[in-house]
Structures are given as C-alpha cells and as structure tokens.
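Below is one structure; the comments refer to it alone.
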Amino acid sequence: RTHITRAGESCRDTGITFDIIRLKKGDSVEEVSTEEVAILLLNGAIELDIEGSRQQPSRGSLFDEGPFCAHVSIGTEWTLRASEDAEIAYFSTENHKSFPPEVYFPHEVANEERGKGQVGGTCLRWVRTIFDDGNAHPNSQLVLGEVVNMPGRWSSYPPHHHPQPEIYHYRFTHPQGYGHGELGDDVLKIRQYDTVKILDNNDHAQCSAPGYGMYYIWVIRHLPNARYSVPEFTQEHSWTKESHAHIWAPEEVGV
C-alpha cells in the first residue's frame, strides 16, 4: 500500500487521501470505513464483499476497458481479495454522513467523446465520469472519473478551473511515455505514476506526447458551500469551443 496523498497534510492539502494498493493473488484488505471511500480497480481481478454482497470484477486495460468502482460511506464493512494479482486506487475523505453502498460497472460508465471535431480534432479524448452529483447520493463529498488522452492531443481543454480541490494520477501506454500538464502558469512534465494536486482555482489542461496514450484518474472533493458541477473555462481560450471557430491551417499539404 503506497500512500500518495493524505487529508490534512501540511503541504497543499486537498482533503483527499489517495493510496495505490497492489495485491498478490490471495492477498486481502478488510476495512470498516471511517470516512467516505471509493475503490477503483486499475488492473487484475478481485472479489469484493460489501455488507454481504459480492462482486467479482476484472480489468485488463485502463485504456480499452471501462472502470469498476465501489463507493461507500462511513461505517461500511468491506473485504477485498485478489483472485489474480491486482492494483487498486483507493480514495477517501472525511464525511460523517451515511449513504447506501453503490457499485459502478464498466457498462454503466459512458465512454464520452469530448472535443470531437473541436479545433481540428486535436482535443478529442474519452471522459468516463464514474460518479458525480448526477448519479451519486447527495450525501457524497467526492466526484470520480477517468480520462483517456489520445496520443499527441490535448484534454481538459480549453483550460478550465474550479474552486474545489482535485487530484490527477497518470499512466501511459508505454512506460517511457510522457506528457505535459498545466497548473496555472506552471507547466509540469508528466511521467508514468505521477500525481498532481490542483488547488486555488488554477487552470489545468493536459497534452500527451505523440505516440503515447495518456490515462489519468481525476478525483474532486466538494466544498461545504460549493459543490462541483461544471468548471469555468478560461475566457481567452473559450472561442475554441465554438462550432464555427476559424482555425488556421496551412494552404498546402506538407507545409
């Protein structure tokens, strides 16, 4: 179990705990949740028991297969066993309100094509919103999803921002793959297994180097008086979303 972020940590606290759990076949994790928790299967096969209900999901590819996720509240008892070697992303945040356990299956999570036809197709990506205020219990304090960034293209574009804290965690189709992520006016070189905290209404847009597909988890924590819904796009670049936007292109092929 690798601790990536901790709620309450002294540096750039998002209020979200994020762990990566790797299990060998036969290993198990058992917990009675003391916070709101989301369990996202990244790869492998598991048996997940939640208060007497068992699920047996598997996942072979972050890029080509949709997510399986369990979402539970404080006081929920659950046990996770690896029926094959497995990797799990674990998220939690303080929340004393309860809600019924919810399980999200790959066929229930839309593989939404965003940016299709936008600025010459350079912003096409797949967005998989696992749960948000549209389908989660109103007592939930988290929003969770995935993005598949096509090789050489952009995602989270135009640059956008929101007051709610967010975490991105990245994977690539090749271990040497990389991309770039904006964090306000700073540009970060993103590599396999990197994690970025997004705070303070900072703009954030991403691009992947040609040849390398980029995947990232995004998790957001609602604020007490400001629940996350739709981000605000940076005004100076919002014109690129317009269907009639004139995008320059060279007049001669091959220029």
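Ordering of the structure tokens sets the chain letters (A, B, ...); residue numbers start at 1 within each chain; ligands are numbered from 1 in the order shown.
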Can you build me a table of range 105-145 of chain A residues sitting at most 12 Å from range 154-178 of chain A, with the closest atom pair per residue and its distance in Å to one decimal, using only C-alpha atoms, sorted by chain and residue number, as CSV?
```
residue,atom,partner,partner_atom,distance
A:Glu113,CA,A:Ser155,CA,10.9
A:Arg114,CA,A:Ser155,CA,8.6
A:Gly115,CA,A:Ser155,CA,8.1
A:Lys116,CA,A:Ser155,CA,11.2
A:Gln118,CA,A:Tyr157,CA,10.0
A:Val119,CA,A:Pro158,CA,10.4
A:Gly120,CA,A:Trp154,CA,11.5
A:Gly121,CA,A:Trp154,CA,9.4
A:Thr122,CA,A:Trp154,CA,6.3
A:Cys123,CA,A:Trp154,CA,4.7
A:Leu124,CA,A:Ser155,CA,7.1
A:Arg125,CA,A:Ser155,CA,6.1
A:Trp126,CA,A:Ser155,CA,8.8
A:Val127,CA,A:Ser155,CA,9.2
A:Gln141,CA,A:Gln164,CA,10.8
A:Leu142,CA,A:Glu166,CA,9.8
A:Val143,CA,A:Glu166,CA,9.2
A:Leu144,CA,A:Glu166,CA,9.7
A:Gly145,CA,A:Tyr168,CA,9.9
```
Go ahead and save the picked residues with C-alpha atoms, as a compact mmCIF listing (two decimals), in the first residue's frame.
```txt
# COMPACT_ATOMS: atom_id res chain seq x y z
CA GLU A 113 -16.11 11.51 -26.66
CA ARG A 114 -15.33 15.10 -25.79
CA GLY A 115 -13.67 17.56 -28.14
CA LYS A 116 -14.75 15.62 -31.23
CA GLN A 118 -13.06 20.73 -31.96
CA VAL A 119 -10.01 22.63 -33.28
CA GLY A 120 -9.27 20.09 -35.97
CA GLY A 121 -9.72 17.06 -33.69
CA THR A 122 -6.73 17.99 -31.56
CA CYS A 123 -8.80 17.86 -28.35
CA LEU A 124 -10.54 14.52 -28.79
CA ARG A 125 -10.45 12.48 -25.57
CA TRP A 126 -12.56 9.93 -23.74
CA VAL A 127 -14.07 11.09 -20.45
CA GLN A 141 -18.48 14.50 -0.90
CA LEU A 142 -16.44 13.09 -3.82
CA VAL A 143 -16.57 13.12 -7.62
CA LEU A 144 -14.56 10.50 -9.53
CA GLY A 145 -13.72 9.82 -13.16
```
Exercise. For Glu112 in chain A, which residue out of A:Ser238, A:Thr129, A:Ser98, A:Thr5 is the nearest one, using only C-alpha atoms?
Worked result: A:Thr129
Problem set entry | DSSP strand (DSSP E or B) residues within range 90-238 of chain A, as a PyMOL selection string | chain A and resi 90-93+102-104+112-114+125-131+142-149+154-161+166-172+178-183+186-191+195-198+204-208+214-221+223+226+232-233
Exercise. If you measure from CA of Ile74 in chain A to CA of Arg221 in chain A, what distance in Å do you get, rounded to one decimal?
Worked result: 15.9 Å
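Note that the spacing between CA of Phe233 in chain A and CA of Asp203 in chain A amounts to 8.4 Å.
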Problem set entry | Selected residue, from A:Ala7, A:Ala70, A:Leu23, A:Ala245, that lies nearest to Asn95 in chain A when counting only C-alpha atoms | A:Ala7
Problem set entry | All residues 6 Å or closer to Asn43 in chain A, only C-alpha atoms, same chain fewer than 5 positions away omitted, as a count of residues only | 4
For this session: Extract, using only C-alpha atoms, all DNA, RNA and protein residues at most 7 Å from Gln56 in chain A, discarding same-chain residues fewer than 4 positions from it, and format them as a PyMOL selection string.
Result: chain A and resi 46-48
Output file for the selection above: N, CA, C and O atoms, as a short mmCIF file (atom, residue, chain, number, x, y, z; two decimals), in the first residue's frame:
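As written to disk, selection-v4.cif reads:
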```cif
data_model
loop_
_atom_site.label_atom_id
_atom_site.label_comp_id
_atom_site.auth_asym_id
_atom_site.auth_seq_id
_atom_site.Cartn_x
_atom_site.Cartn_y
_atom_site.Cartn_z
N ILE A 46 -10.47 -9.20 -8.76
CA ILE A 46 -10.71 -9.17 -7.32
C ILE A 46 -12.07 -9.75 -7.00
O ILE A 46 -12.94 -9.88 -7.86
N GLU A 47 -12.24 -10.10 -5.73
CA GLU A 47 -13.55 -10.37 -5.14
C GLU A 47 -13.79 -9.30 -4.10
O GLU A 47 -12.97 -9.11 -3.19
N LEU A 48 -14.89 -8.59 -4.22
CA LEU A 48 -15.20 -7.50 -3.30
C LEU A 48 -16.51 -7.79 -2.60
O LEU A 48 -17.56 -7.89 -3.24
#
```
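Residue nearest Glu84 in chain A within the list A:Gln55, A:Glu108, A:Gly26, A:Gly117: A:Gly26 [criterion: smallest interatomic distance, only C-alpha atoms].
The nearest approach to Arg81 in chain A among the residues A:Asp132, A:Glu102, A:Asp64, A:Asp27, with only C-alpha atoms taken into account, belongs to A:Asp27.
The helix (DSSP H, G or I) portion of range 16-252 of chain A consists of Pro106, His107, Glu108, Gln118, Val119, Gly120, Gly121, Gln235, Glu236, His237, Ser238, Trp239, Thr240 and Lys241 of chain A, with states taken from DSSP on the backbone.
Taking CA of His96 in chain A and CA of Leu42 in chain A as the two end points, the separation is 27.4 Å.
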For this session: Rank A:Glu30, A:Glu65, A:Glu146, A:Glu36 by their smallest atom-to-atom distance to His107 in chain A, using only C-alpha atoms, and report the top residue only.
Result: A:Glu65
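When only C-alpha atoms are used to measure the gap to Gly152 in chain A, the shortest distance among A:Gln206, A:Ser243, A:Asn201, A:Asn111 belongs to A:Gln206.
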